[in-house]
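Reading through the C-alpha cells given below for one structure.
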Amino acid sequence: MGRVKITVIIDDLNGAKEGYILSYGFAALIEINNKIILFDSGSNIAPLIFNLEKYGVKPSSIDLVILSHNHFDHTDGLPGILQENNDVPVYVHRYWNVPVNYKGIPIPQKNIVRIQNARECVEFIDGLFLTNSYLSSDYGGIHEHASYIQSDNSVILICGCCHPGLNKFLNDRQILKIPLDKPLHIIGGMHSFKFSPQKANDLNPIIKTITLFHCTENIKLFQEQFKKKCQIGIVGKTMDF
C-alpha cells in the first residue's frame with residue numbers, strides 16, 4: 001500500500017507544534033497514495049482551517065471526509081471544508097440520523113455516503129477500511145465507527161472517541177480480513193476505555209504504538225501497560241507508517 005502519513009489537525013489533550021493552535025475536539029489528516037482524507041473535523045471552523053493551512057493543505061484538496069460519530073466536537077468544522085469543496089464525499093455510519101445529545105451540524109444529503117456494514121472502501125482506495133458502527137450508552141447513547149488504514153508493513157486503527165470501547169473495533173479485524181498478527185498502530189481518543197491486564201498482554205506483541213488524543217481518561221494505565229509504545233499526541237506532528 002505504500003507510505004501512510006497521519007497528522008492530527010485538531011485536538012485539546014496535550015500540546016501543539018509551534019504555529020498550530022489547540023481546539024476542542026478531534027480531526028486528523030490521513031495521506032495515502034496521493035489521496036488526502038480528513039477523519040473528523042473538530043468543533044469549530046476557524047482552527048480547523050488555520051491548522052490545515054499551517055500544514056499546507058487547502059480544503060479544496062481534501063478527497064474524502066470520514067466522520068466517526070455525530071457529536072459536535074467531531075463534526076462542526078465540516079462547513080469550513082464544504083465552503084471550498086462542496087462535492088467532497090462524507091462517509092458516515094448507518095445510524096447517523098438517530099437522535100443523540102450533543103448532535104453535530106447537519107450534513108448536506110448530496111455529500112453523504114452511508115456505510116452500512118464493516119468493509120473495505122475500494123471505491124475510494126484499496127487499504128482503507130471502516131468498521132461496523134457500535135452503540136455506546138455514553139451521553140444518552142451514541143453510535144460510532146472507526147477506520148483502519150493499511151500500510152506496507154502494518155495497519156493503523158484511528159478512532160474518534162472510542163465510545164463503544166476499543167475492543168469492538170479491534171474485533172472487526174476478522175470481519176475485514178485483517179490478519180490478527182499484523183503489526184498495529186492505534187491513534188485517537190479513548191474516553192473511559194481501558195484494556196484488561198490480560199487483553200493488554202495479549203495485544204502487546206503486535207501493538208507497535210498507541211497515540212492518545214482528545215478525550216482519553218486512563219492515560220496512566222495505557223502508559224503502564226504499553227510503556228514506551230504509548231505516547232500522548234501533539235497537534236501538527238506527522239506520524240509516518
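We name chains A, B, ... following the order of the C-alpha cells; residues begin at 1 in each chain, and ligands are numbered from 1 as shown.
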
Please provide as a compact mmCIF listing (two decimals) with N, CA and C atoms, in the first residue's frame all residues within 6 Å of stretch 39-41 of chain A, with the sequence filter that same-chain residues fewer than 4 positions apart are discarded (counting only C-alpha atoms).
# COMPACT_ATOMS: atom_id res chain seq x y z
N ALA A 27 -9.59 16.04 14.92
CA ALA A 27 -9.56 15.92 13.46
C ALA A 27 -8.16 15.48 13.07
N ALA A 28 -8.08 14.56 12.13
CA ALA A 28 -6.79 14.05 11.68
C ALA A 28 -6.76 13.98 10.16
N VAL A 65 -13.94 12.85 3.40
CA VAL A 65 -14.10 13.10 4.83
C VAL A 65 -14.76 11.87 5.45
N ILE A 66 -14.22 11.41 6.58
CA ILE A 66 -14.83 10.35 7.37
C ILE A 66 -15.21 10.95 8.72
N LEU A 67 -16.44 10.77 9.14
CA LEU A 67 -16.88 11.23 10.46
C LEU A 67 -17.17 10.01 11.33
N HIS A 74 -16.71 16.62 16.78
CA HIS A 74 -16.10 15.83 15.71
C HIS A 74 -16.67 16.18 14.34
N THR A 75 -17.68 17.06 14.32
CA THR A 75 -18.38 17.35 13.07
C THR A 75 -18.44 18.82 12.69
N GLY A 77 -16.56 21.43 12.39
CA GLY A 77 -15.63 22.13 11.49
C GLY A 77 -15.92 21.85 10.03
N LEU A 78 -16.80 20.88 9.75
CA LEU A 78 -17.05 20.44 8.37
C LEU A 78 -17.49 21.55 7.43

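By only C-alpha atoms, and with residues fewer than 2 positions from A:Ile112 along its chain excluded, the set lying at most 8 Å from it is A:Pro89, A:Val90, A:Tyr91, A:Val92, A:Ile107, A:Pro108, A:Gln109, A:Lys110, A:Arg114.
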
Proximity to A:Gln174 - best of A:Tyr20, A:Ala46, A:Cys161, A:Ala118, only C-alpha atoms: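 Under the stated criterion, the closest residue is A:Ala118.
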
Residues flagged helix (DSSP H, G or I) by DSSP in stretch 30-239 of chain A, as a ChimeraX atom specification: /A:45-55,59-61,72-75,78-82,109-111,138-140,166-175,197-203,219-229

Saved selection, atoms kept: C-alpha atoms, as an mmCIF file, in the first residue's frame:
data_model
loop_
_atom_site.group_PDB
_atom_site.id
_atom_site.type_symbol
_atom_site.label_atom_id
_atom_site.label_comp_id
_atom_site.auth_asym_id
_atom_site.auth_seq_id
_atom_site.Cartn_x
_atom_site.Cartn_y
_atom_site.Cartn_z
ATOM 1 C CA ILE A 45 -14.291 26.039 11.505
ATOM 2 C CA ALA A 46 -11.583 28.642 12.203
ATOM 3 C CA PRO A 47 -8.979 26.450 13.995
ATOM 4 C CA LEU A 48 -9.514 23.595 11.535
ATOM 5 C CA ILE A 49 -8.843 25.807 8.510
ATOM 6 C CA PHE A 50 -5.985 27.613 10.270
ATOM 7 C CA ASN A 51 -4.162 24.378 11.153
ATOM 8 C CA LEU A 52 -4.797 22.818 7.739
ATOM 9 C CA GLU A 53 -3.294 25.872 6.053
ATOM 10 C CA LYS A 54 -0.375 25.833 8.503
ATOM 11 C CA TYR A 55 0.264 22.232 7.456
ATOM 12 C CA PRO A 59 -9.835 22.394 1.984
ATOM 13 C CA SER A 60 -10.271 22.063 -1.769
ATOM 14 C CA SER A 61 -7.551 19.384 -1.912
ATOM 15 C CA PHE A 72 -20.408 18.405 17.583
ATOM 16 C CA ASP A 73 -16.734 18.223 18.603
ATOM 17 C CA HIS A 74 -16.100 15.832 15.711
ATOM 18 C CA THR A 75 -18.384 17.351 13.068
ATOM 19 C CA LEU A 78 -17.047 20.436 8.373
ATOM 20 C CA PRO A 79 -18.759 23.549 6.895
ATOM 21 C CA GLY A 80 -15.299 25.083 6.523
ATOM 22 C CA ILE A 81 -14.378 22.230 4.193
ATOM 23 C CA LEU A 82 -17.671 22.281 2.298
ATOM 24 C CA GLN A 109 -27.590 14.999 1.663
ATOM 25 C CA LYS A 110 -25.633 15.162 -1.583
ATOM 26 C CA ASN A 111 -22.351 14.673 0.293
ATOM 27 C CA ASP A 138 -22.384 7.341 26.775
ATOM 28 C CA TYR A 139 -24.226 10.672 26.899
ATOM 29 C CA GLY A 140 -27.609 9.044 26.404
ATOM 30 C CA LEU A 166 -11.692 -0.178 21.580
ATOM 31 C CA ASN A 167 -12.202 -3.950 21.734
ATOM 32 C CA LYS A 168 -15.282 -3.661 19.487
ATOM 33 C CA PHE A 169 -13.240 -2.062 16.729
ATOM 34 C CA LEU A 170 -10.337 -4.475 17.225
ATOM 35 C CA ASN A 171 -12.681 -7.446 16.858
ATOM 36 C CA ASP A 172 -13.710 -6.181 13.418
ATOM 37 C CA ARG A 173 -10.289 -7.108 12.051
ATOM 38 C CA GLN A 174 -11.678 -10.581 11.434
ATOM 39 C CA ILE A 175 -14.675 -9.266 9.511
ATOM 40 C CA PRO A 197 -4.486 -6.701 32.057
ATOM 41 C CA GLN A 198 -4.905 -9.922 30.078
ATOM 42 C CA LYS A 199 -6.045 -8.154 26.907
ATOM 43 C CA ALA A 200 -3.155 -5.694 27.130
ATOM 44 C CA ASN A 201 -0.707 -8.604 27.493
ATOM 45 C CA ASP A 202 -2.268 -10.404 24.540
ATOM 46 C CA LEU A 203 -2.029 -7.328 22.310
ATOM 47 C CA ILE A 219 -3.630 7.795 30.240
ATOM 48 C CA LYS A 220 -1.523 6.453 33.120
ATOM 49 C CA LEU A 221 -2.922 2.954 32.707
ATOM 50 C CA PHE A 222 -2.147 2.931 28.960
ATOM 51 C CA GLN A 223 1.376 4.100 29.782
ATOM 52 C CA GLU A 224 1.802 1.372 32.406
ATOM 53 C CA GLN A 225 0.520 -1.323 30.053
ATOM 54 C CA PHE A 226 2.390 -0.298 26.886
ATOM 55 C CA LYS A 227 5.419 1.569 28.280
ATOM 56 C CA LYS A 228 7.397 3.416 25.580
ATOM 57 C CA LYS A 229 4.932 2.330 22.912
#

Backbone-only DSSP, strand (DSSP E) members of stretch 84-234 of chain A, as a count of residues only: 44

Non-local contacts of stretch 187-189 of chain A (6 Å; only C-alpha atoms; under 3 positions in same chain excluded) as a list in words: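 My reading of the contact set: Ile158, Cys159, Gly160, Cys161, Ile210, Thr211, Leu212, Phe213, His214, Cys215 and Thr216 of chain A.
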
Create the file for the chosen residues now, containing C-alpha atoms and written as a PDB file, in the first residue's frame.
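Once everything was written out, this is part-v3.pdb:
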ATOM      1  CA  ILE A 158      -7.832   5.528  14.030  1.00  0.00           C
ATOM      2  CA  CYS A 159     -10.714   6.310  16.383  1.00  0.00           C
ATOM      3  CA  GLY A 160     -12.658   9.451  17.220  1.00  0.00           C
ATOM      4  CA  CYS A 161     -13.698   8.917  20.862  1.00  0.00           C
ATOM      5  CA  ILE A 210      -0.596   3.745  20.720  1.00  0.00           C
ATOM      6  CA  THR A 211      -1.029   7.525  20.496  1.00  0.00           C
ATOM      7  CA  LEU A 212      -3.647   9.097  22.748  1.00  0.00           C
ATOM      8  CA  PHE A 213      -5.715  12.167  21.962  1.00  0.00           C
ATOM      9  CA  HIS A 214      -8.714  14.304  22.911  1.00  0.00           C
ATOM     10  CA  CYS A 215     -10.969  12.646  25.497  1.00  0.00           C
ATOM     11  CA  THR A 216      -8.680   9.890  26.844  1.00  0.00           C
TER      12      THR A 216
END

Long-range neighbours of stretch 1-13 of chain A as a PyMOL selection string, 6 Å cut-off, only C-alpha atoms, 2 positions minimum in chain: chain A and resi 22-32+42+51+151-152+213-214+235-241

Keeping C-alpha atoms for every residue in the selection just given, could you write it to a file as a PDB file, in the first residue's frame?
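So the final result, stored in part35.pdb, reads:
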ATOM      1  CA  LEU A  22      -5.260  23.805  20.176  1.00  0.00           C
ATOM      2  CA  SER A  23      -9.016  23.448  19.813  1.00  0.00           C
ATOM      3  CA  TYR A  24     -11.666  21.286  21.445  1.00  0.00           C
ATOM      4  CA  GLY A  25     -12.427  18.074  19.574  1.00  0.00           C
ATOM      5  CA  PHE A  26     -10.540  15.905  17.123  1.00  0.00           C
ATOM      6  CA  ALA A  27      -9.560  15.919  13.457  1.00  0.00           C
ATOM      7  CA  ALA A  28      -6.786  14.053  11.679  1.00  0.00           C
ATOM      8  CA  LEU A  29      -5.388  14.205   8.172  1.00  0.00           C
ATOM      9  CA  ILE A  30      -4.560  10.872   6.505  1.00  0.00           C
ATOM     10  CA  GLU A  31      -2.323  10.881   3.418  1.00  0.00           C
ATOM     11  CA  ILE A  32      -2.031   7.703   1.392  1.00  0.00           C
ATOM     12  CA  GLY A  42     -13.271  19.240  15.279  1.00  0.00           C
ATOM     13  CA  ASN A  51      -4.162  24.378  11.153  1.00  0.00           C
ATOM     14  CA  SER A 151       0.475   0.435   5.010  1.00  0.00           C
ATOM     15  CA  ASP A 152       3.181  -1.802   3.589  1.00  0.00           C
ATOM     16  CA  PHE A 213      -5.715  12.167  21.962  1.00  0.00           C
ATOM     17  CA  HIS A 214      -8.714  14.304  22.911  1.00  0.00           C
ATOM     18  CA  VAL A 235      -1.234  18.767  17.137  1.00  0.00           C
ATOM     19  CA  GLY A 236       0.683  19.243  13.894  1.00  0.00           C
ATOM     20  CA  LYS A 237       3.092  16.347  14.412  1.00  0.00           C
ATOM     21  CA  THR A 238       3.163  13.900  11.495  1.00  0.00           C
ATOM     22  CA  MET A 239       3.324  10.162  12.153  1.00  0.00           C
ATOM     23  CA  ASP A 240       4.796   8.050   9.344  1.00  0.00           C
ATOM     24  CA  PHE A 241       3.919   4.399   8.842  1.00  0.00           C
TER      25      PHE A 241
END

Residues near A:Leu135, cut-off 7 Å, only C-alpha atoms, skip fewer than 5 positions along chain, as number ranges by chain: A: 141-144, 164

Distance in Å - atom CA of A:His69 versus atom CA of A:His93: 7.8 Å

Gap from atom CA of A:His145 to atom CA of A:His163 - Å, one decimal: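 We find that atom CA of A:His145 and atom CA of A:His163 lie 9.3 Å from each other.
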
Length of the atom CA of A:Ser43 to atom CA of A:His191 vector [Å]: 16.8 Å
